[in-house]
file input-v6.pdb (PDB, C-alpha atoms)
ATOM      1  CA  MET A  20      79.301 110.830 111.200  1.00  0.00           C
ATOM      2  CA  THR A  21      78.313 113.690 108.922  1.00  0.00           C
ATOM      3  CA  PRO A  22      75.666 113.296 106.204  1.00  0.00           C
ATOM      4  CA  ASP A  23      78.449 113.318 103.592  1.00  0.00           C
ATOM      5  CA  THR A  24      80.247 110.340 105.120  1.00  0.00           C
ATOM      6  CA  GLY A  25      77.171 108.121 105.281  1.00  0.00           C
ATOM      7  CA  PRO A  26      77.154 107.172 101.564  1.00  0.00           C
ATOM      8  CA  LEU A  27      80.948 106.798 101.633  1.00  0.00           C
ATOM      9  CA  LEU A  28      80.762 104.339 104.523  1.00  0.00           C
ATOM     10  CA  ALA A  29      77.950 102.439 102.821  1.00  0.00           C
ATOM     11  CA  VAL A  30      79.990 102.045  99.642  1.00  0.00           C
ATOM     12  CA  ALA A  31      83.034 100.953 101.653  1.00  0.00           C
ATOM     13  CA  VAL A  32      81.002  98.347 103.563  1.00  0.00           C
ATOM     14  CA  LEU A  33      79.405  96.983 100.398  1.00  0.00           C
ATOM     15  CA  TRP A  34      82.775  96.801  98.656  1.00  0.00           C
ATOM     16  CA  GLY A  35      84.399  95.087 101.621  1.00  0.00           C
ATOM     17  CA  ALA A  36      81.595  92.558 101.981  1.00  0.00           C
ATOM     18  CA  ALA A  37      81.596  91.738  98.263  1.00  0.00           C
ATOM     19  CA  ALA A  38      85.385  91.445  98.059  1.00  0.00           C
ATOM     20  CA  GLY A  39      85.633  89.454 101.299  1.00  0.00           C
ATOM     21  CA  ALA A  40      83.016  86.989 100.071  1.00  0.00           C
ATOM     22  CA  LEU A  41      85.361  86.085  97.211  1.00  0.00           C
ATOM     23  CA  LEU A  42      88.339  85.278  99.440  1.00  0.00           C
ATOM     24  CA  PRO A  43      87.575  81.822 100.966  1.00  0.00           C
ATOM     25  CA  ARG A  44      88.762  79.760  97.996  1.00  0.00           C
ATOM     26  CA  ALA A  45      91.989  81.729  97.710  1.00  0.00           C
ATOM     27  CA  ALA A  46      92.506  81.398 101.473  1.00  0.00           C
ATOM     28  CA  TYR A  47      92.179  77.619 101.201  1.00  0.00           C
ATOM     29  CA  ARG A  48      94.369  77.290  98.122  1.00  0.00           C
ATOM     30  CA  PHE A  49      97.160  79.490  99.496  1.00  0.00           C
ATOM     31  CA  ALA A  50      97.051  77.809 102.922  1.00  0.00           C
ATOM     32  CA  ALA A  51      99.520  75.102 101.927  1.00  0.00           C
ATOM     33  CA  PRO A  52     102.503  74.021 104.046  1.00  0.00           C
ATOM     34  CA  ASP A  53     105.628  76.106 103.596  1.00  0.00           C
ATOM     35  CA  GLY A  54     107.668  74.896 100.643  1.00  0.00           C
ATOM     36  CA  GLY A  55     104.799  72.950  99.127  1.00  0.00           C
ATOM     37  CA  PRO A  56     102.629  73.797  96.102  1.00  0.00           C
ATOM     38  CA  TRP A  57      99.358  75.646  96.481  1.00  0.00           C
ATOM     39  CA  HIS A  58      96.317  73.454  96.997  1.00  0.00           C
ATOM     40  CA  ARG A  59      94.974  72.278  93.655  1.00  0.00           C
ATOM     41  CA  THR A  60      92.423  69.839  95.024  1.00  0.00           C
ATOM     42  CA  CYS A  61      89.873  69.695  97.809  1.00  0.00           C
ATOM     43  CA  PRO A  62      90.762  67.588 100.890  1.00  0.00           C
ATOM     44  CA  GLN A  63      89.226  64.566  99.164  1.00  0.00           C
ATOM     45  CA  GLY A  64      91.345  64.953  96.038  1.00  0.00           C
ATOM     46  CA  HIS A  65      88.886  66.545  93.625  1.00  0.00           C
ATOM     47  CA  PRO A  66      90.413  69.229  91.352  1.00  0.00           C
ATOM     48  CA  LEU A  67      89.587  72.851  92.205  1.00  0.00           C
ATOM     49  CA  LYS A  68      89.147  75.530  89.561  1.00  0.00           C
ATOM     50  CA  GLY A  69      89.714  79.241  89.980  1.00  0.00           C
ATOM     51  CA  TRP A  70      90.864  81.268  92.965  1.00  0.00           C
ATOM     52  CA  LEU A  71      87.836  83.350  93.909  1.00  0.00           C
ATOM     53  CA  GLY A  72      84.583  82.323  95.528  1.00  0.00           C
ATOM     54  CA  ARG A  73      83.439  79.848  98.145  1.00  0.00           C
ATOM     55  CA  ALA A  74      85.848  77.201  99.384  1.00  0.00           C
ATOM     56  CA  ARG A  75      83.553  74.379  98.396  1.00  0.00           C
ATOM     57  CA  CYS A  76      83.983  71.473  96.002  1.00  0.00           C
ATOM     58  CA  PRO A  77      80.906  70.757  93.824  1.00  0.00           C
ATOM     59  CA  ARG A  78      81.749  67.051  93.776  1.00  0.00           C
ATOM     60  CA  CYS A  79      81.685  66.916  97.581  1.00  0.00           C
ATOM     61  CA  GLN A  80      78.306  68.583  98.106  1.00  0.00           C
ATOM     62  CA  ASP A  81      76.625  65.253  98.849  1.00  0.00           C
ATOM     63  CA  THR A  82      79.307  64.202 101.326  1.00  0.00           C
ATOM     64  CA  PRO A  83      78.075  64.284 104.957  1.00  0.00           C
ATOM     65  CA  GLN A  84      79.271  67.348 106.867  1.00  0.00           C
ATOM     66  CA  ALA A  85      81.002  65.229 109.528  1.00  0.00           C
ATOM     67  CA  GLU A  86      83.034  63.471 106.837  1.00  0.00           C
ATOM     68  CA  ARG A  87      84.005  66.778 105.226  1.00  0.00           C
ATOM     69  CA  ARG A  88      85.264  68.062 108.570  1.00  0.00           C
ATOM     70  CA  ALA A  89      87.185  64.816 109.171  1.00  0.00           C
ATOM     71  CA  ASN A  90      88.979  65.355 105.878  1.00  0.00           C
ATOM     72  CA  GLY A  91      90.177  68.830 106.817  1.00  0.00           C
ATOM     73  CA  GLY A  92      87.283  71.020 105.706  1.00  0.00           C
ATOM     74  CA  TYR A  93      87.485  73.473 102.882  1.00  0.00           C
ATOM     75  CA  GLY A  94      88.870  76.589 104.489  1.00  0.00           C
ATOM     76  CA  PRO A  95      87.136  79.625 105.989  1.00  0.00           C
ATOM     77  CA  GLY A  96      83.501  80.449 105.373  1.00  0.00           C
ATOM     78  CA  VAL A  97      82.146  83.332 103.342  1.00  0.00           C
ATOM     79  CA  LEU A  98      80.466  85.188 106.213  1.00  0.00           C
ATOM     80  CA  PRO A  99      83.514  85.654 108.498  1.00  0.00           C
ATOM     81  CA  LEU A 100      85.718  86.956 105.687  1.00  0.00           C
ATOM     82  CA  ALA A 101      82.972  89.185 104.288  1.00  0.00           C
ATOM     83  CA  LEU A 102      82.315  90.700 107.724  1.00  0.00           C
ATOM     84  CA  ALA A 103      85.998  91.168 108.512  1.00  0.00           C
ATOM     85  CA  THR A 104      86.749  92.864 105.200  1.00  0.00           C
ATOM     86  CA  ALA A 105      83.652  95.042 105.450  1.00  0.00           C
ATOM     87  CA  LEU A 106      84.648  96.225 108.936  1.00  0.00           C
ATOM     88  CA  VAL A 107      88.209  96.977 107.812  1.00  0.00           C
ATOM     89  CA  CYS A 108      86.968  98.968 104.815  1.00  0.00           C
ATOM     90  CA  ALA A 109      84.413 100.843 106.918  1.00  0.00           C
ATOM     91  CA  ALA A 110      87.058 101.860 109.462  1.00  0.00           C
ATOM     92  CA  LEU A 111      89.412 103.026 106.713  1.00  0.00           C
ATOM     93  CA  ALA A 112      86.646 105.057 105.083  1.00  0.00           C
ATOM     94  CA  ALA A 113      85.676 106.674 108.387  1.00  0.00           C
ATOM     95  CA  ALA A 114      89.290 107.658 109.110  1.00  0.00           C
ATOM     96  CA  THR A 115      90.279 108.750 105.607  1.00  0.00           C
ATOM     97  CA  GLY A 116      87.122 110.458 104.404  1.00  0.00           C
ATOM     98  CA  ALA A 117      86.607 111.472 100.799  1.00  0.00           C
ATOM     99  CA  ARG A 118      90.278 111.620  99.843  1.00  0.00           C
ATOM    100  CA  PHE A 119      91.777 109.889  96.842  1.00  0.00           C
ATOM    101  CA  GLU A 120      94.033 107.575  98.859  1.00  0.00           C
ATOM    102  CA  LEU A 121      90.913 105.894 100.269  1.00  0.00           C
ATOM    103  CA  LEU A 122      90.587 104.093  96.929  1.00  0.00           C
ATOM    104  CA  VAL A 123      94.059 102.646  97.499  1.00  0.00           C
ATOM    105  CA  TRP A 124      93.236 101.492 101.024  1.00  0.00           C
ATOM    106  CA  LEU A 125      90.004  99.851  99.854  1.00  0.00           C
ATOM    107  CA  LEU A 126      91.823  97.980  97.085  1.00  0.00           C
ATOM    108  CA  LEU A 127      94.556  96.785  99.459  1.00  0.00           C
ATOM    109  CA  ALA A 128      92.207  95.758 102.284  1.00  0.00           C
ATOM    110  CA  PRO A 129      91.022  92.415 100.774  1.00  0.00           C
ATOM    111  CA  PRO A 130      94.547  91.096 100.092  1.00  0.00           C
ATOM    112  CA  GLY A 131      95.527  92.242 103.577  1.00  0.00           C
ATOM    113  CA  VAL A 132      92.704  90.188 105.083  1.00  0.00           C
ATOM    114  CA  LEU A 133      93.671  87.251 102.870  1.00  0.00           C
ATOM    115  CA  LEU A 134      97.302  87.413 103.998  1.00  0.00           C
ATOM    116  CA  THR A 135      96.185  87.515 107.628  1.00  0.00           C
ATOM    117  CA  VAL A 136      94.054  84.393 107.258  1.00  0.00           C
ATOM    118  CA  VAL A 137      96.682  82.418 105.355  1.00  0.00           C
ATOM    119  CA  ASP A 138      99.497  83.253 107.780  1.00  0.00           C
ATOM    120  CA  PHE A 139      97.365  82.334 110.785  1.00  0.00           C
ATOM    121  CA  ARG A 140      96.451  79.000 109.188  1.00  0.00           C
ATOM    122  CA  VAL A 141      99.862  77.821 107.959  1.00  0.00           C
ATOM    123  CA  ARG A 142     102.430  80.451 109.046  1.00  0.00           C
ATOM    124  CA  ARG A 143     103.191  81.282 105.447  1.00  0.00           C
ATOM    125  CA  LEU A 144     103.048  84.576 103.547  1.00  0.00           C
ATOM    126  CA  PRO A 145     102.858  83.706  99.835  1.00  0.00           C
ATOM    127  CA  ASP A 146     105.084  85.657  97.457  1.00  0.00           C
ATOM    128  CA  PRO A 147     102.223  85.990  94.934  1.00  0.00           C
ATOM    129  CA  LEU A 148     100.464  88.093  97.576  1.00  0.00           C
ATOM    130  CA  THR A 149     103.181  89.965  99.469  1.00  0.00           C
ATOM    131  CA  LEU A 150     105.225  91.245  96.528  1.00  0.00           C
ATOM    132  CA  PRO A 151     102.251  92.434  94.409  1.00  0.00           C
ATOM    133  CA  PHE A 152     100.850  94.012  97.578  1.00  0.00           C
ATOM    134  CA  ALA A 153     103.967  96.154  97.909  1.00  0.00           C
ATOM    135  CA  GLY A 154     104.130  96.952  94.190  1.00  0.00           C
ATOM    136  CA  ALA A 155     100.453  97.866  94.019  1.00  0.00           C
ATOM    137  CA  ALA A 156     100.719 100.086  97.092  1.00  0.00           C
ATOM    138  CA  LEU A 157     103.604 102.093  95.639  1.00  0.00           C
ATOM    139  CA  ALA A 158     102.107 102.263  92.137  1.00  0.00           C
ATOM    140  CA  LEU A 159      98.649 103.333  93.277  1.00  0.00           C
ATOM    141  CA  LEU A 160      99.985 105.870  95.768  1.00  0.00           C
ATOM    142  CA  GLY A 161     102.191 107.229  93.001  1.00  0.00           C
ATOM    143  CA  VAL A 162      99.069 107.922  90.960  1.00  0.00           C
ATOM    144  CA  VAL A 163      97.353 109.548  93.951  1.00  0.00           C
ATOM    145  CA  ALA A 164     100.416 111.755  94.478  1.00  0.00           C
ATOM    146  CA  LEU A 165      99.846 113.236  90.997  1.00  0.00           C
ATOM    147  CA  LEU A 166      96.285 114.269  91.829  1.00  0.00           C
ATOM    148  CA  PRO A 167      95.396 117.648  93.367  1.00  0.00           C
ATOM    149  CA  GLU A 168      96.231 118.228  97.035  1.00  0.00           C
ATOM    150  CA  PRO A 169      97.467 114.774  98.094  1.00  0.00           C
ATOM    151  CA  ALA A 170      97.351 114.192 101.843  1.00  0.00           C
ATOM    152  CA  GLY A 171     100.542 112.108 101.832  1.00  0.00           C
ATOM    153  CA  HIS A 172     104.064 112.066 100.468  1.00  0.00           C
ATOM    154  CA  TRP A 173     105.003 109.402  97.904  1.00  0.00           C
ATOM    155  CA  PRO A 174     108.826 109.599  98.275  1.00  0.00           C
ATOM    156  CA  THR A 175     108.449 108.907 101.997  1.00  0.00           C
ATOM    157  CA  ALA A 176     106.267 105.913 101.159  1.00  0.00           C
ATOM    158  CA  LEU A 177     109.036 104.584  98.908  1.00  0.00           C
ATOM    159  CA  TYR A 178     111.792 105.217 101.462  1.00  0.00           C
ATOM    160  CA  ALA A 179     109.718 103.678 104.267  1.00  0.00           C
ATOM    161  CA  ALA A 180     109.049 100.572 102.167  1.00  0.00           C
ATOM    162  CA  LEU A 181     112.769 100.104 101.549  1.00  0.00           C
ATOM    163  CA  ALA A 182     113.705 100.891 105.152  1.00  0.00           C
ATOM    164  CA  LEU A 183     111.171  98.561 106.718  1.00  0.00           C
ATOM    165  CA  GLY A 184     111.920  95.801 104.226  1.00  0.00           C
ATOM    166  CA  LEU A 185     115.634  96.102 104.966  1.00  0.00           C
ATOM    167  CA  ALA A 186     115.091  96.196 108.726  1.00  0.00           C
ATOM    168  CA  PHE A 187     112.972  93.039 108.684  1.00  0.00           C
ATOM    169  CA  THR A 188     115.468  91.321 106.404  1.00  0.00           C
ATOM    170  CA  VAL A 189     118.199  92.033 108.943  1.00  0.00           C
ATOM    171  CA  LEU A 190     115.993  90.629 111.707  1.00  0.00           C
ATOM    172  CA  TRP A 191     115.418  87.520 109.599  1.00  0.00           C
ATOM    173  CA  LEU A 192     119.153  87.066 109.019  1.00  0.00           C
ATOM    174  CA  ILE A 193     119.868  87.477 112.731  1.00  0.00           C
ATOM    175  CA  ASN A 194     117.089  85.183 113.949  1.00  0.00           C
ATOM    176  CA  PRO A 195     115.434  83.102 111.201  1.00  0.00           C
ATOM    177  CA  ARG A 196     113.357  81.223 113.774  1.00  0.00           C
ATOM    178  CA  GLY A 197     111.834  84.398 115.133  1.00  0.00           C
ATOM    179  CA  MET A 198     111.245  86.270 111.862  1.00  0.00           C
ATOM    180  CA  GLY A 199     110.391  84.795 108.480  1.00  0.00           C
ATOM    181  CA  PHE A 200     111.560  86.104 105.130  1.00  0.00           C
ATOM    182  CA  GLY A 201     107.892  86.400 104.174  1.00  0.00           C
ATOM    183  CA  ASP A 202     107.541  88.986 106.942  1.00  0.00           C
ATOM    184  CA  ALA A 203     110.364  90.989 105.365  1.00  0.00           C
ATOM    185  CA  LYS A 204     108.583  90.936 101.998  1.00  0.00           C
ATOM    186  CA  LEU A 205     105.312  91.956 103.633  1.00  0.00           C
ATOM    187  CA  ALA A 206     107.144  94.791 105.386  1.00  0.00           C
ATOM    188  CA  LEU A 207     107.760  96.395 101.995  1.00  0.00           C
ATOM    189  CA  GLY A 208     104.041  96.945 101.472  1.00  0.00           C
ATOM    190  CA  VAL A 209     103.430  97.861 105.095  1.00  0.00           C
ATOM    191  CA  GLY A 210     106.188 100.461 104.936  1.00  0.00           C
ATOM    192  CA  ALA A 211     104.699 101.913 101.761  1.00  0.00           C
ATOM    193  CA  VAL A 212     101.201 102.447 103.137  1.00  0.00           C
ATOM    194  CA  LEU A 213     102.418 103.757 106.485  1.00  0.00           C
ATOM    195  CA  GLY A 214     105.071 105.949 104.873  1.00  0.00           C
ATOM    196  CA  TRP A 215     102.413 107.788 102.892  1.00  0.00           C
ATOM    197  CA  TYR A 216     101.502 109.622 106.098  1.00  0.00           C
ATOM    198  CA  GLY A 217     105.088 110.160 107.274  1.00  0.00           C
ATOM    199  CA  TRP A 218     107.735 108.604 109.482  1.00  0.00           C
ATOM    200  CA  PRO A 219     105.810 109.005 112.765  1.00  0.00           C
ATOM    201  CA  THR A 220     103.058 106.832 111.281  1.00  0.00           C
ATOM    202  CA  VAL A 221     105.652 104.276 110.177  1.00  0.00           C
ATOM    203  CA  MET A 222     107.064 104.048 113.686  1.00  0.00           C
ATOM    204  CA  LEU A 223     103.620 103.946 115.275  1.00  0.00           C
ATOM    205  CA  GLY A 224     102.325 101.185 113.002  1.00  0.00           C
ATOM    206  CA  THR A 225     105.489  99.103 113.350  1.00  0.00           C
ATOM    207  CA  PHE A 226     105.542  99.448 117.125  1.00  0.00           C
ATOM    208  CA  ALA A 227     101.857  98.499 117.287  1.00  0.00           C
ATOM    209  CA  GLY A 228     102.572  95.342 115.285  1.00  0.00           C
ATOM    210  CA  PHE A 229     105.358  94.220 117.631  1.00  0.00           C
ATOM    211  CA  LEU A 230     103.265  95.119 120.675  1.00  0.00           C
ATOM    212  CA  LEU A 231     100.258  93.128 119.459  1.00  0.00           C
ATOM    213  CA  GLY A 232     102.477  90.159 118.606  1.00  0.00           C
ATOM    214  CA  ALA A 233     104.107  90.287 122.045  1.00  0.00           C
ATOM    215  CA  VAL A 234     100.751  90.444 123.839  1.00  0.00           C
ATOM    216  CA  TYR A 235      99.488  87.483 121.807  1.00  0.00           C
ATOM    217  CA  GLY A 236     102.623  85.440 122.545  1.00  0.00           C
ATOM    218  CA  ILE A 237     102.540  86.217 126.253  1.00  0.00           C
ATOM    219  CA  THR A 238      98.864  85.289 126.381  1.00  0.00           C
ATOM    220  CA  LEU A 239      99.576  81.919 124.756  1.00  0.00           C
ATOM    221  CA  ILE A 240     102.371  81.255 127.246  1.00  0.00           C
ATOM    222  CA  ALA A 241     100.132  82.224 130.174  1.00  0.00           C
ATOM    223  CA  LEU A 242      97.450  79.833 128.932  1.00  0.00           C
ATOM    224  CA  GLY A 243      99.987  77.031 128.539  1.00  0.00           C
ATOM    225  CA  ARG A 244      99.460  76.820 124.784  1.00  0.00           C
ATOM    226  CA  ALA A 245     103.016  77.863 123.891  1.00  0.00           C
ATOM    227  CA  GLY A 246     106.495  77.991 125.360  1.00  0.00           C
ATOM    228  CA  ARG A 247     109.165  80.650 125.345  1.00  0.00           C
ATOM    229  CA  ARG A 248     110.785  79.110 122.282  1.00  0.00           C
ATOM    230  CA  SER A 249     107.528  78.734 120.365  1.00  0.00           C
ATOM    231  CA  THR A 250     107.082  80.719 117.170  1.00  0.00           C
ATOM    232  CA  ILE A 251     103.950  82.528 116.079  1.00  0.00           C
ATOM    233  CA  ALA A 252     102.721  83.889 112.779  1.00  0.00           C
ATOM    234  CA  PHE A 253     103.852  87.519 112.873  1.00  0.00           C
ATOM    235  CA  GLY A 254     102.290  88.651 109.584  1.00  0.00           C
ATOM    236  CA  PRO A 255      98.794  89.153 111.044  1.00  0.00           C
ATOM    237  CA  PHE A 256     100.171  91.387 113.782  1.00  0.00           C
ATOM    238  CA  LEU A 257     102.320  93.345 111.351  1.00  0.00           C
ATOM    239  CA  LEU A 258      99.192  93.947 109.279  1.00  0.00           C
ATOM    240  CA  ALA A 259      97.087  94.759 112.346  1.00  0.00           C
ATOM    241  CA  GLY A 260      99.683  97.286 113.485  1.00  0.00           C
ATOM    242  CA  ALA A 261      99.753  98.804 110.014  1.00  0.00           C
ATOM    243  CA  PHE A 262      95.959  99.006 110.069  1.00  0.00           C
ATOM    244  CA  LEU A 263      95.969 100.872 113.395  1.00  0.00           C
ATOM    245  CA  GLY A 264      98.770 103.171 112.260  1.00  0.00           C
ATOM    246  CA  LEU A 265      96.955 103.838 109.000  1.00  0.00           C
ATOM    247  CA  LEU A 266      93.751 104.763 110.827  1.00  0.00           C
ATOM    248  CA  ILE A 267      95.555 107.255 113.032  1.00  0.00           C
ATOM    249  CA  GLY A 268      97.651 108.610 110.157  1.00  0.00           C
ATOM    250  CA  ALA A 269      94.609 109.037 107.929  1.00  0.00           C
ATOM    251  CA  PHE A 270      92.544 110.645 110.656  1.00  0.00           C
ATOM    252  CA  THR A 271      95.235 113.194 111.542  1.00  0.00           C
ATOM    253  CA  ALA A 272      96.401 113.952 107.966  1.00  0.00           C
TER     254      ALA A 272
END

call {"tool": "encode", "arguments": {"input": "input-v6.pdb", "output": "structure tokens"}}
result
Amino acid sequence: MTPDTGPLLAVAVLWGAAAGALLPRAAYRFAAPDGGPWHRTCPQGHPLKGWLGRARCPRCQDTPQAERRANGGYGPGVLPLALATALVCAALAAATGARFELLVWLLLAPPGVLLTVVDFRVRRLPDPLTLPFAGAALALLGVVALLPEPAGHWPTALYAALALGLAFTVLWLINPRGMGFGDAKLALGVGAVLGWYGWPTVMLGTFAGFLLGAVYGITLIALGRAGRRSTIAFGPFLLAGAFLGLLIGAFTA
């Protein structure tokens, strides 16, 4: 780490921690069963207001902790999401350096963490997150492409978004049990961010996602926690693969 990257990493960590600390309530509210409405109340039926902040109900503060857990809890805690987002942002800053696209990666990191948590909890990738994620990625990278000496190529980002979205849609049509339509929508944004650094990065990130998902599935089968016909949430692994591909693409750009 050079002296110049120290302040950059510090800013990235602080941003990630602050943004991640605001995610628990959204993670709880979006973690609703597929086809159902987003959570509007706490597990005990009290109305919830807003989408950002701690996943805690003020009217339940006096309820014993054991009773709160028995009623389903209130979603993830602040510390795990703050740490996870801070680590993601720090890694992206270390790989990208002081280039303009780092601002895009830092803005997209919190929703990426949020999508990962929600999909793991309920195997659902909400449209209000996946589609804006893709649109924001293309729009923000389009702005970066207009700035001096961009490290990536915006048309490739657009083509990769369309290609990956189409490919995952075909997989969903062929095997709806193995691939959700939410994964196809998420693939649009994943293709955009990976495509910024070129087609090799797209292939690397996509392959990494499938590899991580396969390793996770095989591990569950080996531990007796899943069968060969069991389904897993693929969104987190698609995002993890994109994260790894993005780190390598940014570092080598």

call {"tool": "resolve_selection", "arguments": {"input": "input-v6.pdb", "expression": "the PyMOL selection byres ((chain A and resi 171) around 10)", "output": "NGL selection string"}}
result
:A and (120 or 160 or 163-164 or 168-170 or 172-176 or 212-217 or 268-269 or 272)

call {"tool": "atom_distance", "arguments": {"input": "input-v6.pdb", "atom1": "atom CA of A:Ala36", "atom2": "atom CA of A:Thr24"}}
result
18.1 Å

call {"tool": "resolve_selection", "arguments": {"input": "input-v6.pdb", "expression": "the PyMOL selection byres ((chain A and resi 148-153) around 12)", "output": "PyMOL selection string"}}
result
chain A and resi 45-46+49+123-124+126-135+137-138+143-147+154-160+176-177+179-181+183-184+200-213+254+258

call {"tool": "atom_distance", "arguments": {"input": "input-v6.pdb", "atom1": "atom CA of A:Thr225", "atom2": "atom CA of A:Phe253"}}
result
11.7 Å

call {"tool": "resolve_selection", "arguments": {"input": "input-v6.pdb", "expression": "the PyMOL selection byres ((chain A and resi 239-251) around 8)", "output": "list in words"}}
result
Arg142, Arg196, Gly197, Tyr235, Gly236, Ile237, Thr238, Ala252 and Phe253 of chain A

call {"tool": "axis_aligned_box", "arguments": {"input": "input-v6.pdb", "around": "stretch 165-176 of chain A", "padding_each_side": "6 Å", "output": "AutoDock Vina command-line options"}}
result
--center_x 102.1 --center_y 112.1 --center_z 96.5 --size_x 25.4 --size_y 24.3 --size_z 23.0

call {"tool": "atom_distance", "arguments": {"input": "input-v6.pdb", "atom1": "atom CA of A:Leu100", "atom2": "atom CA of A:Phe226"}}
result
26.1 Å

call {"tool": "closest_residue", "arguments": {"input": "input-v6.pdb", "among": "A:Cys61, A:Ile193, A:Ala117, A:Val162", "to": "A:Pro77", "atoms": "all atoms listed in the file"}}
result
A:Cys61

call {"tool": "residues_around", "arguments": {"input": "input-v6.pdb", "residues": "stretch 108-114 of chain A", "least_positions_apart": "4", "cutoff": "8 Å", "atoms": "all atoms listed in the file", "output": "short mmCIF file (atom, residue, chain, number, x, y, z; two decimals) with C-alpha atoms, keeping the file's coordinate frame"}}
result
data_model
loop_
_atom_site.label_atom_id
_atom_site.label_comp_id
_atom_site.auth_asym_id
_atom_site.auth_seq_id
_atom_site.Cartn_x
_atom_site.Cartn_y
_atom_site.Cartn_z
CA THR A 24 80.25 110.34 105.12
CA LEU A 27 80.95 106.80 101.63
CA LEU A 28 80.76 104.34 104.52
CA ALA A 29 77.95 102.44 102.82
CA ALA A 31 83.03 100.95 101.65
CA VAL A 32 81.00 98.35 103.56
CA TRP A 34 82.78 96.80 98.66
CA GLY A 35 84.40 95.09 101.62
CA THR A 104 86.75 92.86 105.20
CA LEU A 121 90.91 105.89 100.27
CA TRP A 124 93.24 101.49 101.02
CA LEU A 125 90.00 99.85 99.85
CA ALA A 128 92.21 95.76 102.28
CA LEU A 265 96.96 103.84 109.00
CA LEU A 266 93.75 104.76 110.83
CA ILE A 267 95.56 107.26 113.03
CA ALA A 269 94.61 109.04 107.93
CA PHE A 270 92.54 110.64 110.66
#

call {"tool": "residues_around", "arguments": {"input": "input-v6.pdb", "residues": "A:Gly260", "least_positions_apart": "6", "cutoff": "9 Å", "atoms": "only C-alpha atoms", "output": "list in words"}}
result
Leu223, Gly224, Thr225, Phe226, Ala227, Gly228, Phe229, Leu230 and Leu231 of chain A

call {"tool": "residues_around", "arguments": {"input": "input-v6.pdb", "residues": "A:Leu41", "least_positions_apart": "3", "cutoff": "8 Å", "atoms": "all atoms listed in the file", "output": "compact mmCIF listing (two decimals) with C-alpha atoms, keeping the file's coordinate frame"}}
result
# COMPACT_ATOMS: atom_id res chain seq x y z
CA ALA A 37 81.60 91.74 98.26
CA ALA A 38 85.38 91.44 98.06
CA ARG A 44 88.76 79.76 98.00
CA ALA A 45 91.99 81.73 97.71
CA LEU A 71 87.84 83.35 93.91
CA GLY A 72 84.58 82.32 95.53
CA ARG A 73 83.44 79.85 98.14
CA VAL A 97 82.15 83.33 103.34

call {"tool": "residues_around", "arguments": {"input": "input-v6.pdb", "residues": "A:Leu98", "least_positions_apart": "5", "cutoff": "9 Å", "atoms": "all atoms listed in the file", "output": "MDAnalysis selection string"}}
result
chainID A and resid 36 39:40 103
